[in-house]
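Q: Take this structure, written in structure tokens, and hold onto it; I'll ask about it next.
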Amino acid sequence: MAKLVGVIVAIISIIAAFFTSYQFIDNRYALKKRVILIENRLEIKIINDDLTQLQNRIWNLEDRLDERPNDKTLKEEIRLRKCEKDDLDKKLEIERNKM
């Protein structure tokens, strides 16, 4: 009888140790899905910040173009920045579709 109780206590102790270990690891380390989600959100934030800076740059260039309407270099710069903005918009849409 004492042997049986000892075996039962040992089995319960082993199960408790496994359960405690699982809980520790689960709480300590992030799951892969969560890490991917956080990386995706960070990428979207970075693209949004780049888009905001680029849009401000375009507006500044357009303001300068109003002062000098015949400046071909300025027109080319605006055109390039708008193409860059379109590319970032596409990249942002791709990142949003990943979520």
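Following the order of the structure tokens, first chain is A, next is B, and so on, with residues numbered from 1 inside each chain and ligands from 1 in the order they appear.
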Write out as a ChimeraX atom specification which residues come within 9 Å of Leu65 (chain A) when counting only C-alpha atoms, dropping same-chain ones fewer than 5 positions away.
A: /A:60,70-71,74-75
Q: Might you pull out every residue within 12 Å of Glu93 (chain A), with only C-alpha atoms counted and same-chain residues fewer than 5 positions away left off, and present them as an NGL selection string?
A: :A and (40 or 43-44 or 47-48 or 86-88 or 98-99)
Q: Given only C-alpha atoms as the basis, pick out the residue of A:Val35, A:Leu4, A:Leu61, A:Leu51 nearest to Leu92 (chain A).
A: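 Ranking A:Val35, A:Leu4, A:Leu61, A:Leu51 by distance to Leu92 (chain A), first place goes to A:Leu51.
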Q: If we count only C-alpha atoms, what is near Arg57 (chain A) at a cut-off of 12 Å, once residues fewer than 6 positions away on the same chain are taken out, given as a ChimeraX atom specification?
A: /A:50-51,63-64,74,77-82,84-85
Q: Could you tell me how far CA of Lys32 (chain A) sits from CA of Glu95 (chain A), in Å to one decimal place?
A: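 These atoms are spaced 17.5 Å apart.
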Q: How many Å separate CA of Thr73 (chain A) from CA of Asp49 (chain A)?
A: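 Value for the CA of Thr73 (chain A)-CA of Asp49 (chain A) distance: 25.9 Å.
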